[in-house]
Structures are given as C-alpha cells and as structure tokens.
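Pasting query_33.txt here (compact mmCIF, C-alpha atoms):
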# COMPACT_ATOMS: atom_id res chain seq x y z
CA MET A 502 -0.60 11.98 0.40
CA LYS A 503 -3.24 12.08 -2.34
CA VAL A 504 -0.64 12.96 -4.98
CA TYR A 505 1.57 10.05 -3.99
CA LEU A 506 -1.37 7.65 -4.00
CA LEU A 507 -2.43 8.97 -7.41
CA LEU A 508 1.02 8.24 -8.84
CA LEU A 509 1.05 4.85 -7.12
CA GLY A 510 -2.24 4.00 -8.82
CA LEU A 511 -1.03 5.31 -12.18
CA SER A 512 2.14 3.21 -11.99
CA ALA A 513 0.05 0.16 -11.10
CA VAL A 514 -2.35 0.64 -14.01
CA ILE A 515 0.46 1.14 -16.54
CA SER A 516 2.32 -1.94 -15.29
CA PHE A 517 -0.84 -4.07 -15.21
CA VAL A 518 -1.99 -3.05 -18.69
CA LEU A 519 1.40 -3.37 -20.38
CA THR A 520 2.40 -6.73 -18.88
CA PRO A 521 0.19 -8.85 -21.20
CA ALA A 522 1.60 -7.00 -24.23
CA VAL A 523 5.15 -7.62 -23.02
CA ARG A 524 4.26 -11.28 -22.43
CA ARG A 525 3.04 -11.64 -26.02
CA LEU A 526 6.27 -10.03 -27.22
CA ALA A 527 8.33 -12.44 -25.13
CA LEU A 528 6.36 -15.41 -26.42
CA ALA A 529 6.81 -14.27 -30.01
CA GLY A 530 10.55 -13.85 -29.48
CA GLY A 531 10.98 -17.09 -27.55
CA VAL A 532 12.32 -15.28 -24.47
CA TYR A 533 11.85 -17.99 -21.86
CA THR A 534 13.54 -18.85 -18.61
CA PRO A 535 15.76 -21.86 -19.39
CA GLN A 536 14.96 -25.06 -17.54
CA ARG A 537 17.54 -25.47 -14.79
CA GLN A 538 17.90 -28.02 -12.01
CA ARG A 539 17.35 -25.39 -9.31
CA ASP A 540 14.08 -24.10 -10.84
CA VAL A 541 10.67 -25.00 -9.45
CA HIS A 542 8.86 -24.74 -12.80
CA ARG A 543 8.46 -27.67 -15.12
CA GLU A 544 7.20 -25.59 -18.05
CA PRO A 545 9.02 -22.62 -19.63
CA VAL A 546 7.71 -19.19 -18.60
CA PRO A 547 8.35 -15.99 -20.63
CA LYS A 548 10.50 -13.24 -19.15
CA LEU A 549 10.81 -9.48 -19.77
CA GLY A 550 8.02 -8.58 -17.30
CA GLY A 551 10.30 -5.96 -15.78
CA VAL A 552 9.91 -3.91 -18.97
CA ALA A 553 6.26 -3.26 -18.08
CA MET A 554 7.26 -2.49 -14.49
CA ILE A 555 9.86 0.06 -15.49
CA ALA A 556 7.36 1.63 -17.92
CA GLY A 557 4.95 2.16 -15.03
CA VAL A 558 7.69 3.81 -12.98
CA LEU A 559 8.79 6.10 -15.82
CA VAL A 560 5.27 7.22 -16.74
CA ALA A 561 4.44 7.96 -13.11
CA LEU A 562 7.67 9.93 -12.65
CA GLY A 563 6.94 11.88 -15.84
CA ILE A 564 3.46 12.81 -14.64
CA GLY A 565 4.85 13.63 -11.20
CA ALA A 566 7.25 16.14 -12.74
CA MET A 567 4.24 18.14 -13.94
CA ILE A 568 2.50 18.31 -10.55
CA PRO A 569 3.24 21.51 -8.56
CA PHE A 570 2.99 19.62 -5.26
CA LEU A 571 6.24 17.82 -6.15
CA ASP A 572 8.19 20.89 -7.32
CA GLY A 573 10.59 20.48 -4.42
CA ILE A 574 11.78 17.18 -5.92
CA PHE A 575 12.12 18.29 -9.53
CA SER A 576 13.47 21.82 -8.91
CA ASP A 577 16.97 20.33 -9.13
CA PRO A 578 16.83 18.04 -12.17
CA ASP A 579 20.29 16.51 -11.73
CA PRO A 580 19.40 13.73 -9.22
CA ILE A 581 16.36 12.72 -11.27
CA ARG A 582 18.45 12.81 -14.44
CA GLY A 583 21.00 10.49 -12.87
CA LEU A 584 18.26 8.12 -11.76
CA LEU A 585 16.77 8.07 -15.26
CA PHE A 586 20.19 7.28 -16.74
CA ALA A 587 20.53 4.45 -14.22
CA LEU A 588 17.10 3.11 -15.16
CA ALA A 589 18.16 3.16 -18.82
CA VAL A 590 21.20 1.02 -17.93
CA VAL A 591 18.98 -1.35 -15.94
CA LEU A 592 16.59 -1.65 -18.87
CA ALA A 593 19.29 -2.23 -21.48
CA MET A 594 21.32 -4.70 -19.42
CA GLY A 595 18.24 -6.49 -18.10
CA VAL A 596 16.75 -7.05 -21.53
CA ALA A 597 20.14 -8.21 -22.85
CA ASP A 598 20.46 -10.67 -19.96
CA ASP A 599 16.94 -12.00 -20.50
CA LEU A 600 17.78 -12.53 -24.17
CA TRP A 601 21.32 -13.90 -23.96
CA ASP A 602 22.00 -14.80 -20.29
CA LEU A 603 25.04 -12.57 -19.82
CA HIS A 604 28.09 -13.53 -17.78
CA TRP A 605 27.89 -12.34 -14.17
CA THR A 606 30.85 -9.99 -14.65
CA LEU A 607 28.95 -8.04 -17.32
CA LYS A 608 25.89 -7.79 -15.08
CA LEU A 609 28.01 -6.60 -12.17
CA ALA A 610 29.63 -3.97 -14.39
CA ALA A 611 26.19 -2.72 -15.44
CA GLN A 612 25.04 -2.58 -11.81
CA VAL A 613 28.11 -0.57 -10.80
CA THR A 614 27.51 1.76 -13.76
CA ALA A 615 23.88 2.32 -12.78
CA ALA A 616 24.83 2.92 -9.14
CA ALA A 617 27.61 5.33 -10.15
CA LEU A 618 25.20 7.33 -12.29
CA VAL A 619 22.94 7.78 -9.27
CA ALA A 620 25.84 8.73 -7.00
CA PHE A 621 27.60 11.12 -9.36
CA HIS A 622 24.34 12.99 -10.00
CA GLY A 623 23.86 13.86 -6.34
CA ILE A 624 21.96 11.08 -4.57
CA ARG A 625 24.57 10.00 -2.03
CA VAL A 626 25.00 8.79 1.53
CA GLU A 627 25.33 12.12 3.34
CA ALA A 628 25.16 10.92 6.93
CA MET A 629 25.46 7.65 8.79
CA PRO A 630 22.07 7.34 10.48
CA VAL A 631 23.57 6.31 13.80
CA GLY A 632 24.24 9.37 15.89
CA TRP A 633 23.90 11.61 12.83
CA ILE A 634 27.56 11.16 11.86
CA PRO A 635 28.08 13.24 8.70
CA VAL A 636 29.91 11.76 5.71
CA GLY A 637 31.61 14.86 4.35
CA ASN A 638 34.18 13.24 2.09
CA GLU A 639 32.76 13.13 -1.45
CA PRO A 640 34.67 10.02 -2.66
CA ILE A 641 33.52 8.13 0.45
CA GLN A 642 29.93 9.26 -0.17
CA ILE A 643 30.10 7.99 -3.74
CA GLY A 644 31.79 4.72 -2.78
CA LEU A 645 29.27 3.96 -0.02
CA THR A 646 26.36 4.77 -2.33
CA ILE A 647 27.62 2.50 -5.10
CA PHE A 648 28.23 -0.31 -2.61
CA ILE A 649 24.73 -0.05 -1.10
CA LEU A 650 22.98 0.09 -4.47
CA VAL A 651 24.90 -2.85 -5.96
CA LEU A 652 24.42 -4.89 -2.78
CA THR A 653 20.67 -4.32 -2.79
CA MET A 654 20.23 -5.06 -6.50
CA ASN A 655 21.96 -8.40 -6.02
CA ALA A 656 19.99 -9.16 -2.86
CA ILE A 657 16.68 -8.71 -4.70
CA ASN A 658 18.00 -10.71 -7.65
CA PHE A 659 18.91 -13.61 -5.38
CA VAL A 660 15.50 -13.69 -3.68
CA ASP A 661 13.59 -13.60 -6.99
CA GLY A 662 13.10 -17.35 -7.27
CA LEU A 663 9.39 -18.06 -6.74
CA ASP A 664 6.28 -16.71 -8.46
CA GLY A 665 5.40 -13.31 -7.06
CA LEU A 666 8.04 -13.42 -4.33
CA ALA A 667 10.19 -10.40 -5.19
CA ALA A 668 7.26 -8.26 -6.36
CA GLY A 669 5.17 -9.07 -3.28
CA MET A 670 8.02 -8.46 -0.86
CA ALA A 671 8.67 -5.13 -2.60
CA VAL A 672 5.01 -4.15 -2.18
CA ILE A 673 5.05 -4.99 1.53
CA GLY A 674 8.47 -3.57 2.37
CA GLY A 675 8.10 -0.62 0.00
CA SER A 676 4.74 0.38 1.46
CA ALA A 677 6.24 0.31 4.97
CA PHE A 678 9.11 2.49 3.77
CA PHE A 679 6.61 4.79 2.04
CA ILE A 680 4.73 5.35 5.30
CA TYR A 681 7.94 6.08 7.15
CA THR A 682 9.39 8.52 4.61
CA TYR A 683 6.10 10.37 4.33
CA LEU A 684 5.91 10.67 8.11
CA LEU A 685 9.52 11.84 8.21
CA THR A 686 8.83 14.48 5.55
CA ARG A 687 5.88 15.85 7.50
CA THR A 688 8.07 15.96 10.59
CA ILE A 689 11.01 17.90 9.18
CA ASN A 690 9.08 20.30 6.91
CA GLU A 691 5.55 21.36 7.70
CA PHE A 692 5.23 23.40 4.50
CA ASP A 693 6.64 21.09 1.78
CA TYR A 694 5.67 17.41 1.75
CA SER A 695 7.53 16.58 -1.45
CA ASN A 696 10.21 13.96 -0.86
CA LEU A 697 12.19 11.88 -3.36
CA ALA A 698 12.25 8.71 -1.26
CA THR A 699 8.47 8.85 -0.76
CA LEU A 700 7.92 9.37 -4.48
CA LEU A 701 10.21 6.46 -5.41
CA MET A 702 8.44 4.13 -3.00
CA ALA A 703 5.03 5.16 -4.32
CA VAL A 704 5.89 4.44 -7.96
CA LEU A 705 7.76 1.23 -7.08
CA VAL A 706 4.90 -0.16 -4.98
CA GLY A 707 2.45 0.72 -7.75
CA SER A 708 4.57 -0.91 -10.43
CA CYS A 709 4.90 -4.11 -8.41
CA LEU A 710 1.19 -4.15 -7.56
CA GLY A 711 0.29 -3.92 -11.24
CA PHE A 712 2.68 -6.69 -12.18
CA LEU A 713 1.84 -9.06 -9.30
CA PRO A 714 -1.49 -10.42 -10.66
CA HIS A 715 0.39 -11.69 -13.73
CA ASN A 716 3.32 -12.99 -11.69
CA PHE A 717 1.68 -14.69 -8.71
CA ASN A 718 1.59 -18.48 -8.74
CA PRO A 719 1.06 -19.88 -11.31
CA ALA A 720 3.07 -17.13 -13.02
CA LYS A 721 2.21 -16.15 -16.57
CA ILE A 722 5.42 -14.10 -16.86
CA PHE A 723 8.60 -13.43 -14.89
CA MET A 724 10.02 -9.98 -14.17
CA GLY A 725 13.49 -11.08 -15.29
CA GLU A 726 16.66 -9.15 -14.63
CA VAL A 727 15.01 -5.80 -15.44
CA GLY A 728 12.42 -6.13 -12.68
CA ALA A 729 14.78 -7.45 -10.02
CA MET A 730 17.32 -4.71 -10.65
CA LEU A 731 14.57 -2.07 -10.77
CA ILE A 732 13.30 -3.07 -7.32
CA GLY A 733 16.79 -3.14 -5.84
CA LEU A 734 17.81 0.16 -7.42
CA LEU A 735 14.74 2.09 -6.24
CA LEU A 736 14.72 0.59 -2.73
CA ALA A 737 18.38 1.40 -2.22
CA THR A 738 18.16 4.85 -3.83
CA ALA A 739 15.28 5.74 -1.50
CA ALA A 740 17.26 4.50 1.51
CA VAL A 741 20.26 6.58 0.46
CA ALA A 742 18.10 9.65 -0.20
CA VAL A 743 16.74 9.41 3.36
CA THR A 744 20.24 10.04 4.74
CA ALA A 745 19.94 13.60 3.44
CA ASP A 746 16.84 13.94 5.63
CA VAL A 747 18.61 12.55 8.69
CA GLU A 748 20.71 15.67 9.20
CA ALA A 749 17.63 17.82 8.62
CA MET A 750 16.01 15.89 11.46
CA GLU A 751 18.67 17.08 13.93
CA GLY A 752 16.39 19.71 15.41
CA PHE A 753 13.41 17.38 15.50
CA ARG A 754 14.72 14.43 17.46
CA PHE A 755 12.07 12.33 19.14
CA ARG A 756 9.32 14.47 17.63
CA ASN A 757 6.88 11.91 16.19
CA VAL A 758 9.61 9.90 14.43
CA PRO A 759 11.98 7.86 16.64
CA ALA A 760 15.62 8.81 16.16
CA TYR A 761 16.77 5.25 15.39
CA MET A 762 14.31 4.75 12.55
CA PRO A 763 16.53 5.92 9.64
CA ILE A 764 18.83 2.94 10.05
CA LEU A 765 16.39 0.39 11.44
CA LEU A 766 13.69 0.58 8.79
CA PRO A 767 15.80 0.18 5.60
CA ILE A 768 17.43 -2.88 7.18
CA ALA A 769 14.02 -4.25 8.18
CA VAL A 770 12.56 -3.73 4.71
CA MET A 771 15.45 -5.58 3.07
CA ALA A 772 16.13 -8.05 5.90
CA LEU A 773 15.19 -11.25 4.09
CA PRO A 774 16.89 -10.43 0.76
CA LEU A 775 20.07 -9.35 2.57
CA LEU A 776 20.01 -12.48 4.77
CA ASP A 777 19.53 -14.68 1.71
CA LEU A 778 22.38 -12.87 -0.07
CA ALA A 779 24.74 -13.27 2.90
CA LEU A 780 23.96 -16.97 3.25
CA ALA A 781 24.41 -17.53 -0.48
CA VAL A 782 27.82 -15.81 -0.52
CA VAL A 783 29.03 -17.84 2.48
CA ARG A 784 27.61 -21.08 1.09
CA ARG A 785 29.18 -20.65 -2.35
CA THR A 786 32.50 -19.37 -1.03
CA VAL A 787 32.86 -22.36 1.30
CA ARG A 788 32.05 -24.63 -1.65
CA GLY A 789 34.79 -22.93 -3.67
CA SER A 790 32.50 -21.47 -6.34
CA SER A 791 31.76 -17.90 -7.38
CA PRO A 792 29.43 -15.94 -5.05
CA PHE A 793 27.43 -15.09 -8.20
CA SER A 794 27.00 -18.70 -9.33
CA ALA A 795 23.50 -20.13 -9.13
CA ASP A 796 22.36 -22.94 -6.84
CA ARG A 797 19.30 -24.31 -5.11
CA GLY A 798 20.14 -23.24 -1.59
CA HIS A 799 18.12 -20.05 -1.22
CA LEU A 800 15.59 -19.60 1.58
CA HIS A 801 12.64 -20.08 -0.77
CA HIS A 802 14.17 -23.31 -2.12
CA LYS A 803 14.58 -24.62 1.43
CA LEU A 804 10.92 -23.96 2.18
CA VAL A 805 9.73 -25.74 -0.97
CA ASP A 806 12.12 -28.65 -0.42
CA GLY A 807 11.00 -28.81 3.20
CA GLY A 808 7.38 -29.51 2.32
CA TRP A 809 5.66 -26.20 1.66
CA THR A 810 3.93 -25.76 -1.67
CA HIS A 811 5.16 -23.07 -4.06
CA ARG A 812 2.35 -20.70 -3.12
CA GLN A 813 2.57 -21.45 0.61
CA ALA A 814 6.30 -20.69 0.64
CA VAL A 815 5.69 -17.31 -1.00
CA LEU A 816 2.92 -16.40 1.43
CA LEU A 817 5.11 -17.45 4.34
CA LEU A 818 7.90 -15.14 3.19
CA TYR A 819 5.31 -12.38 2.73
CA LEU A 820 4.36 -12.90 6.37
CA TRP A 821 7.96 -12.58 7.53
CA THR A 822 8.45 -9.43 5.46
CA PHE A 823 5.26 -7.89 6.84
CA LEU A 824 6.07 -8.66 10.47
CA ILE A 825 9.61 -7.30 10.24
CA ALA A 826 8.88 -4.17 8.18
CA TYR A 827 5.60 -3.15 9.80
CA GLY A 828 6.82 -4.19 13.22
CA VAL A 829 9.52 -1.54 12.88
CA VAL A 830 7.13 1.05 11.38
CA SER A 831 4.74 0.55 14.29
CA LEU A 832 7.43 1.97 16.59
CA ASN A 833 6.49 5.35 15.11
CA PHE A 834 2.97 5.05 16.48
CA PHE A 835 3.12 2.91 19.64
CA ASP A 836 5.35 2.61 22.68
CA TRP A 837 8.20 0.14 22.18
CA LEU A 838 7.22 -1.56 25.43
CA ILE A 839 4.02 -2.61 23.65
CA VAL A 840 5.44 -3.18 20.17
CA LEU A 841 8.41 -5.40 21.01
CA PRO A 842 6.51 -8.05 23.02
CA VAL A 843 3.68 -8.21 20.46
CA VAL A 844 6.03 -8.43 17.48
CA GLY A 845 8.21 -10.91 19.35
CA VAL A 846 5.26 -13.25 19.93
CA LEU A 847 4.18 -12.92 16.30
CA LEU A 848 7.71 -13.70 15.09
CA LEU A 849 7.83 -16.77 17.32
CA GLY A 850 4.52 -17.88 15.82
CA ALA A 851 5.89 -17.29 12.31
CA GLY A 852 8.99 -19.28 13.23
CA TYR A 853 6.93 -22.23 14.42
CA LEU A 854 4.78 -22.04 11.30
CA THR A 855 7.88 -21.97 9.10
CA LEU A 856 9.39 -25.04 10.77
CA HIS A 857 6.08 -26.94 10.96
CA PRO A 858 6.79 -29.42 8.11
CA TRP A 859 10.10 -30.41 9.71
CA VAL A 860 8.50 -30.67 13.18
CA ARG A 861 5.68 -32.81 11.78
CA ARG A 862 8.08 -35.17 10.02
CA SER A 863 10.21 -35.43 13.15
CA ARG A 864 7.17 -36.41 15.20
CA GLU A 865 6.08 -38.96 12.59
CA SER A 866 9.58 -40.47 12.53
CA SER A 867 9.60 -40.69 16.31
CA ARG A 868 6.26 -42.51 16.31
CA GLU A 869 7.49 -44.97 13.68
CA LEU A 870 10.60 -45.77 15.75
CA ARG A 871 8.60 -46.52 18.90
CA PRO A 872 8.19 -50.27 19.61
Here is a file; write its structure as structure tokens.
Amino acid sequence: MKVYLLLLGLSAVISFVLTPAVRRLALAGGVYTPQRQRDVHREPVPKLGGVAMIAGVLVALGIGAMIPFLDGIFSDPDPIRGLLFALAVVLAMGVADDLWDLHWTLKLAAQVTAAALVAFHGIRVEAMPVGWIPVGNEPIQIGLTIFILVLTMNAINFVDGLDGLAAGMAVIGGSAFFIYTYLLTRTINEFDYSNLATLLMAVLVGSCLGFLPHNFNPAKIFMGEVGAMLIGLLLATAAVAVTADVEAMEGFRFRNVPAYMPILLPIAVMALPLLDLALAVVRRTVRGSSPFSADRGHLHHKLVDGGWTHRQAVLLLYLWTFLIAYGVVSLNFFDWLIVLPVVGVLLLGAGYLTLHPWVRRSRESSRELRP
C-alpha cells in the first residue's frame, strides 16, 4: 500500500506543480474555451490542463517501473507499452482539439485508435464478471475492450462541464476503485500485491488531486480534451484489467471480497457519467441531431438551471458519486443487510437535497395561488 500511496503523491505533486506552467503556456498561445451558449462561464478560461495531468501519470508510471515491489506489473512490458502508446494518442489528439476544435469524427477515430492500442497489446476483457463466464474468442475480447474504453472516454467528456466536476468525480470514484482492486489483489495473491488496475487508479487519483486546486470553482484552467480522455481511458483500462483477476478469483469466492463486486463497482464508479451519456444520446437522437453534438441538457446544466450555484451543483454531484461508489465498496466490509438500508436512506436524502430548489419553488407557487 505504501508504494501505491507514494506514487499517488508523486503524481499529485507533478500535476499540481506543472499546471500553472501549462496555464501560462495556454494564456500565451491564446488557447481558451470558446464562449458558447451552453457554457456557465462568462469569461474565457485557458485549456490544456490535461497536459499537466498526463505528465503526472507518466512520471509516476516511470518511477513505478523502477520499484521492485511492482515487478509483477512491468515484467511483461507489452501491456504497459500499449497503454503508453494510447496515452500518446490521447495527448496528441487532445492538444489538437484544444487548439483547433476538431470535428467529432476525428476525435472518435482517435479514441478508437487509443482503445485499440490498449486491446491489441494485451489488456482485454477476459471474462464477463457475472458468473465468471470466460471470453475466449480474441476478436470478441478486442471488440468489447474497444467499446468499453471509447464509451467511458465519451462519458467522462460529456460530464466535464463544471469547474472541478470531472476531476473531483475521478478522485472519489477512482479512490473507491483503488481500495477495491487493492483488496482483490491481497485476496487472490498473498505473496504479490502488484496489480495494474491498482497502480492505474493510484496515479489517476493523484493526477486529479494535483490538478483540482487549479480547476475547482472559480477555475483558473480547464483540463480540456486531454484530461477528460485521460480519466476515461485509465478508468476503463483498470476496469478491463480487473476481468483478468476475476478468473483468478475462482478459488477464492466469498473470501473477503464479495463475488458480485467485479461488475458492480465499475458500474458504480462510472454511474453518473454513463447515465449522463445515455440521456444525452437519447435526447439528441430524438431531436434528430448527432449524439456527439453539444447542448445544454446535461445533468450539471439542469442543476445550475434549477437554482443551484455552480459550486453547489459540483458538490452535490460529488455527494452522489461518493454515496454510490463507497456504498458499493462498503459491501466488502459490512453485511449487506446493514449497508443497503443505510445507503438507501442516504440516497433518499441526497435525492431530496437535489430536488430542493424545485420543491421550494413549487411550495412558493402554491402559496401565491392561494386566495
């Protein structure tokens, strides 16, 4: 655990220190987010913050490769090599999009390329984590992996609409996933605690933590396409890598880690981004526009339009992310008969809090209509 926390801290420091330098570079180059009707900012804010985030990840991975404790991860360099190639695609395409606002088809092509690089270098869906159903067909493994990675990158991109929202949700959800994967590693191998998914979550959480002070409302810099795709790529890659551990868990069912956790936790961590993505696709398709076209109908826009301040909306979505992700993680430590009622009550409270502005306005309207 100490090694992972060390790399988490290193990634955070690198990201935190480099972000002001990247901001100055963006200011000098005039790399701003264009003013659009759907935006909540009235003043232009520089982009490219994801460059500092990806630097934190890369430095931490480089240092991790030199630590004997993690030899089990780096003994086969091919998966890491594929991930580094994918990160290079993310960096190149993300910077290009921040500079020139690329067409969505070009961004989708880059996302598929990055996902394919991960899949073809060995990080693939190896088992469906429901009943430990193996996925033995290599083309199906690759296709499923590419689909999951592209889906998650777009989900994070869609939710990245308020200061600190994507980075903060990644810290909360990623830390929950980190705890789970570390616990899973200890369960299936009592002699080697090195695990790729745990490492990826450590460096991702650190990178987002370092960037968040610069990005929280009022944001001094945005992460841009690089940061959003980085978060989605690492979250999804870690989730895919866990499927290789699922089969290894066959002989350890119900020993410390509940058997349903491999599928439940990744969904819980990415629940809000995936929900927002699904709603956006349905909304835009019904309207007759491209699913990748932009609008002001995301969950965070609804909260702001409903009466929450920018910062309050972000904190409210943090709360939802925490309750869902850590509610699922808590099943590893407490009986579900205790967890489910407690989490259920907390979610009901969060639901009432979320709807409070609408409830208040409804009550005020009712009072005004009374004779």
**Prompt:** CA of Val743 (chain A) and CA of Leu697 (chain A) are how many Å apart?
**Reply:** 8.5 Å
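The space separating CA of Val532 (chain A) from CA of Leu600 (chain A) comes to 6.1 Å.
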**Within 9 Å of file point (19.5, -16.3, -17.2), counting only C-alpha atoms, expressed as a list in words** =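 Checking each residue against the 9 Å limit leaves Thr534, Pro535, Asp598, Asp599, Leu600, Trp601, Asp602, Leu603, Gly725 and Glu726 of chain A.
Counting from CA of Gly557 (chain A), the distance to CA of Leu685 (chain A) is 25.6 Å.
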**Request:** Would you please work out which residue, of A:Ala720, A:Ile641, A:Leu571, A:Ala589, is nearest to Glu627 (chain A) when using all atoms listed in the file?
**Result:** A:Ile641
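Distance check against Asn690 (chain A) using all atoms listed in the file: of A:Gly573, A:Ala656, A:Val558, A:Trp837, the minimum falls on A:Gly573.
The smallest atom-to-atom distance between Gly669 (chain A) and any of A:Tyr683, A:Ser695, A:Leu818, A:Leu731, using all atoms listed in the file, is found for A:Leu818.
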**Request:** Choose the residue, out of A:Asp579, A:Glu639, A:Asp664, A:Asp836, that has the smallest atom-to-atom separation from Ile722 (chain A); count all atoms listed in the file.
**Result:** A:Asp664
Show me a table, sorted first by chain and then by increasing residue number, of the residues of region 692-755 of chain A having an atom at most 9 Å from region 505-511 of chain A, each with its shortest atom pair and the distance in Å to one decimal, counting only C-alpha atoms and written as JSON lines.
{"residue": "A:Thr699", "atom": "CA", "partner": "A:Tyr505", "partner_atom": "CA", "distance": 7.7}
{"residue": "A:Leu700", "atom": "CA", "partner": "A:Tyr505", "partner_atom": "CA", "distance": 6.4}
{"residue": "A:Met702", "atom": "CA", "partner": "A:Leu509", "partner_atom": "CA", "distance": 8.5}
{"residue": "A:Ala703", "atom": "CA", "partner": "A:Leu509", "partner_atom": "CA", "distance": 4.9}
{"residue": "A:Val704", "atom": "CA", "partner": "A:Leu509", "partner_atom": "CA", "distance": 4.9}
{"residue": "A:Leu705", "atom": "CA", "partner": "A:Leu509", "partner_atom": "CA", "distance": 7.6}
{"residue": "A:Val706", "atom": "CA", "partner": "A:Leu509", "partner_atom": "CA", "distance": 6.7}
{"residue": "A:Gly707", "atom": "CA", "partner": "A:Leu509", "partner_atom": "CA", "distance": 4.4}
{"residue": "A:Ser708", "atom": "CA", "partner": "A:Leu509", "partner_atom": "CA", "distance": 7.5}
{"residue": "A:Leu710", "atom": "CA", "partner": "A:Gly510", "partner_atom": "CA", "distance": 8.9}
{"residue": "A:Gly711", "atom": "CA", "partner": "A:Gly510", "partner_atom": "CA", "distance": 8.7}
**Message:** Between A:Ile581, A:Leu701, A:Val783, A:Gly531, which residue has the minimum interatomic distance to Ser676 (chain A), considering all atoms listed in the file?
**Reply:** A:Leu701
**Residue nearest Leu650 (chain A) among A:Thr738, A:Thr786, A:Thr606, A:Asn638 (counting only C-alpha atoms)** = A:Thr738
**Item:** Radius query 10 Å about (5.2, -7.7, -16.2), atoms used: only C-alpha atoms, as JSON, numbers by chain
**Value:** {"A": [516, 517, 518, 519, 520, 521, 522, 523, 524, 547, 548, 549, 550, 551, 552, 553, 554, 555, 556, 557, 708, 709, 711, 712, 713, 714, 715, 716, 721, 722, 723, 724, 725, 728]}
**Item:** For Leu817 (chain A): contacts at 12 Å, only C-alpha atoms, fewer than 5 positions along chain excluded, given as a ChimeraX atom specification
**Value:** /A:663,666,669-670,773,800-801,804-805,809-812,822-824,848,850-857
Mind completing region 679-686 of chain A with all heavy atoms? Output as a PDB file, in the frame of the given file, please?
ATOM      1  N   PHE A 679       7.392   3.636   2.488  1.00  0.00           N
ATOM      2  CA  PHE A 679       6.610   4.790   2.040  1.00  0.00           C
ATOM      3  C   PHE A 679       5.978   5.508   3.221  1.00  0.00           C
ATOM      4  O   PHE A 679       6.034   6.741   3.332  1.00  0.00           O
ATOM      5  CB  PHE A 679       5.533   4.320   1.064  1.00  0.00           C
ATOM      6  CG  PHE A 679       4.508   5.368   0.717  1.00  0.00           C
ATOM      7  CD1 PHE A 679       4.788   6.348  -0.222  1.00  0.00           C
ATOM      8  CD2 PHE A 679       3.262   5.379   1.336  1.00  0.00           C
ATOM      9  CE1 PHE A 679       3.845   7.322  -0.540  1.00  0.00           C
ATOM     10  CE2 PHE A 679       2.322   6.343   1.025  1.00  0.00           C
ATOM     11  CZ  PHE A 679       2.620   7.319   0.086  1.00  0.00           C
ATOM     12  N   ILE A 680       5.366   4.756   4.115  1.00  0.00           N
ATOM     13  CA  ILE A 680       4.730   5.350   5.300  1.00  0.00           C
ATOM     14  C   ILE A 680       5.763   6.090   6.139  1.00  0.00           C
ATOM     15  O   ILE A 680       5.539   7.224   6.581  1.00  0.00           O
ATOM     16  CB  ILE A 680       4.017   4.267   6.129  1.00  0.00           C
ATOM     17  CG1 ILE A 680       2.816   3.710   5.359  1.00  0.00           C
ATOM     18  CG2 ILE A 680       3.576   4.822   7.482  1.00  0.00           C
ATOM     19  CD1 ILE A 680       2.186   2.495   6.008  1.00  0.00           C
ATOM     20  N   TYR A 681       6.911   5.454   6.333  1.00  0.00           N
ATOM     21  CA  TYR A 681       7.940   6.080   7.150  1.00  0.00           C
ATOM     22  C   TYR A 681       8.468   7.369   6.523  1.00  0.00           C
ATOM     23  O   TYR A 681       8.578   8.402   7.197  1.00  0.00           O
ATOM     24  CB  TYR A 681       9.102   5.104   7.375  1.00  0.00           C
ATOM     25  CG  TYR A 681      10.363   5.808   7.794  1.00  0.00           C
ATOM     26  CD1 TYR A 681      10.442   6.447   9.025  1.00  0.00           C
ATOM     27  CD2 TYR A 681      11.464   5.873   6.943  1.00  0.00           C
ATOM     28  CE1 TYR A 681      11.583   7.125   9.413  1.00  0.00           C
ATOM     29  CE2 TYR A 681      12.617   6.548   7.320  1.00  0.00           C
ATOM     30  CZ  TYR A 681      12.667   7.169   8.553  1.00  0.00           C
ATOM     31  OH  TYR A 681      13.792   7.848   8.919  1.00  0.00           O
ATOM     32  N   THR A 682       8.814   7.321   5.233  1.00  0.00           N
ATOM     33  CA  THR A 682       9.390   8.520   4.610  1.00  0.00           C
ATOM     34  C   THR A 682       8.386   9.655   4.540  1.00  0.00           C
ATOM     35  O   THR A 682       8.758  10.825   4.680  1.00  0.00           O
ATOM     36  CB  THR A 682       9.923   8.205   3.198  1.00  0.00           C
ATOM     37  OG1 THR A 682       8.870   7.660   2.381  1.00  0.00           O
ATOM     38  CG2 THR A 682      11.067   7.213   3.256  1.00  0.00           C
ATOM     39  N   TYR A 683       7.115   9.332   4.337  1.00  0.00           N
ATOM     40  CA  TYR A 683       6.100  10.370   4.330  1.00  0.00           C
ATOM     41  C   TYR A 683       5.969  11.002   5.711  1.00  0.00           C
ATOM     42  O   TYR A 683       5.879  12.230   5.848  1.00  0.00           O
ATOM     43  CB  TYR A 683       4.758   9.806   3.878  1.00  0.00           C
ATOM     44  CG  TYR A 683       3.653  10.847   3.813  1.00  0.00           C
ATOM     45  CD1 TYR A 683       3.617  11.779   2.784  1.00  0.00           C
ATOM     46  CD2 TYR A 683       2.665  10.898   4.792  1.00  0.00           C
ATOM     47  CE1 TYR A 683       2.624  12.743   2.718  1.00  0.00           C
ATOM     48  CE2 TYR A 683       1.670  11.861   4.742  1.00  0.00           C
ATOM     49  CZ  TYR A 683       1.649  12.780   3.704  1.00  0.00           C
ATOM     50  OH  TYR A 683       0.661  13.739   3.645  1.00  0.00           O
ATOM     51  N   LEU A 684       5.978  10.173   6.741  1.00  0.00           N
ATOM     52  CA  LEU A 684       5.910  10.670   8.110  1.00  0.00           C
ATOM     53  C   LEU A 684       7.129  11.525   8.437  1.00  0.00           C
ATOM     54  O   LEU A 684       7.017  12.592   9.062  1.00  0.00           O
ATOM     55  CB  LEU A 684       5.798   9.499   9.083  1.00  0.00           C
ATOM     56  CG  LEU A 684       5.719   9.834  10.575  1.00  0.00           C
ATOM     57  CD1 LEU A 684       4.482  10.656  10.886  1.00  0.00           C
ATOM     58  CD2 LEU A 684       5.733   8.557  11.400  1.00  0.00           C
ATOM     59  N   LEU A 685       8.302  11.078   7.984  1.00  0.00           N
ATOM     60  CA  LEU A 685       9.520  11.840   8.210  1.00  0.00           C
ATOM     61  C   LEU A 685       9.453  13.200   7.520  1.00  0.00           C
ATOM     62  O   LEU A 685       9.843  14.231   8.101  1.00  0.00           O
ATOM     63  CB  LEU A 685      10.729  11.052   7.685  1.00  0.00           C
ATOM     64  CG  LEU A 685      12.101  11.740   7.755  1.00  0.00           C
ATOM     65  CD1 LEU A 685      12.479  12.053   9.192  1.00  0.00           C
ATOM     66  CD2 LEU A 685      13.157  10.875   7.090  1.00  0.00           C
ATOM     67  N   THR A 686       8.939  13.219   6.292  1.00  0.00           N
ATOM     68  CA  THR A 686       8.830  14.480   5.550  1.00  0.00           C
ATOM     69  C   THR A 686       7.921  15.465   6.268  1.00  0.00           C
ATOM     70  O   THR A 686       8.222  16.657   6.381  1.00  0.00           O
ATOM     71  CB  THR A 686       8.286  14.218   4.130  1.00  0.00           C
ATOM     72  OG1 THR A 686       9.139  13.288   3.467  1.00  0.00           O
ATOM     73  CG2 THR A 686       8.213  15.498   3.319  1.00  0.00           C
TER      74      THR A 686
END
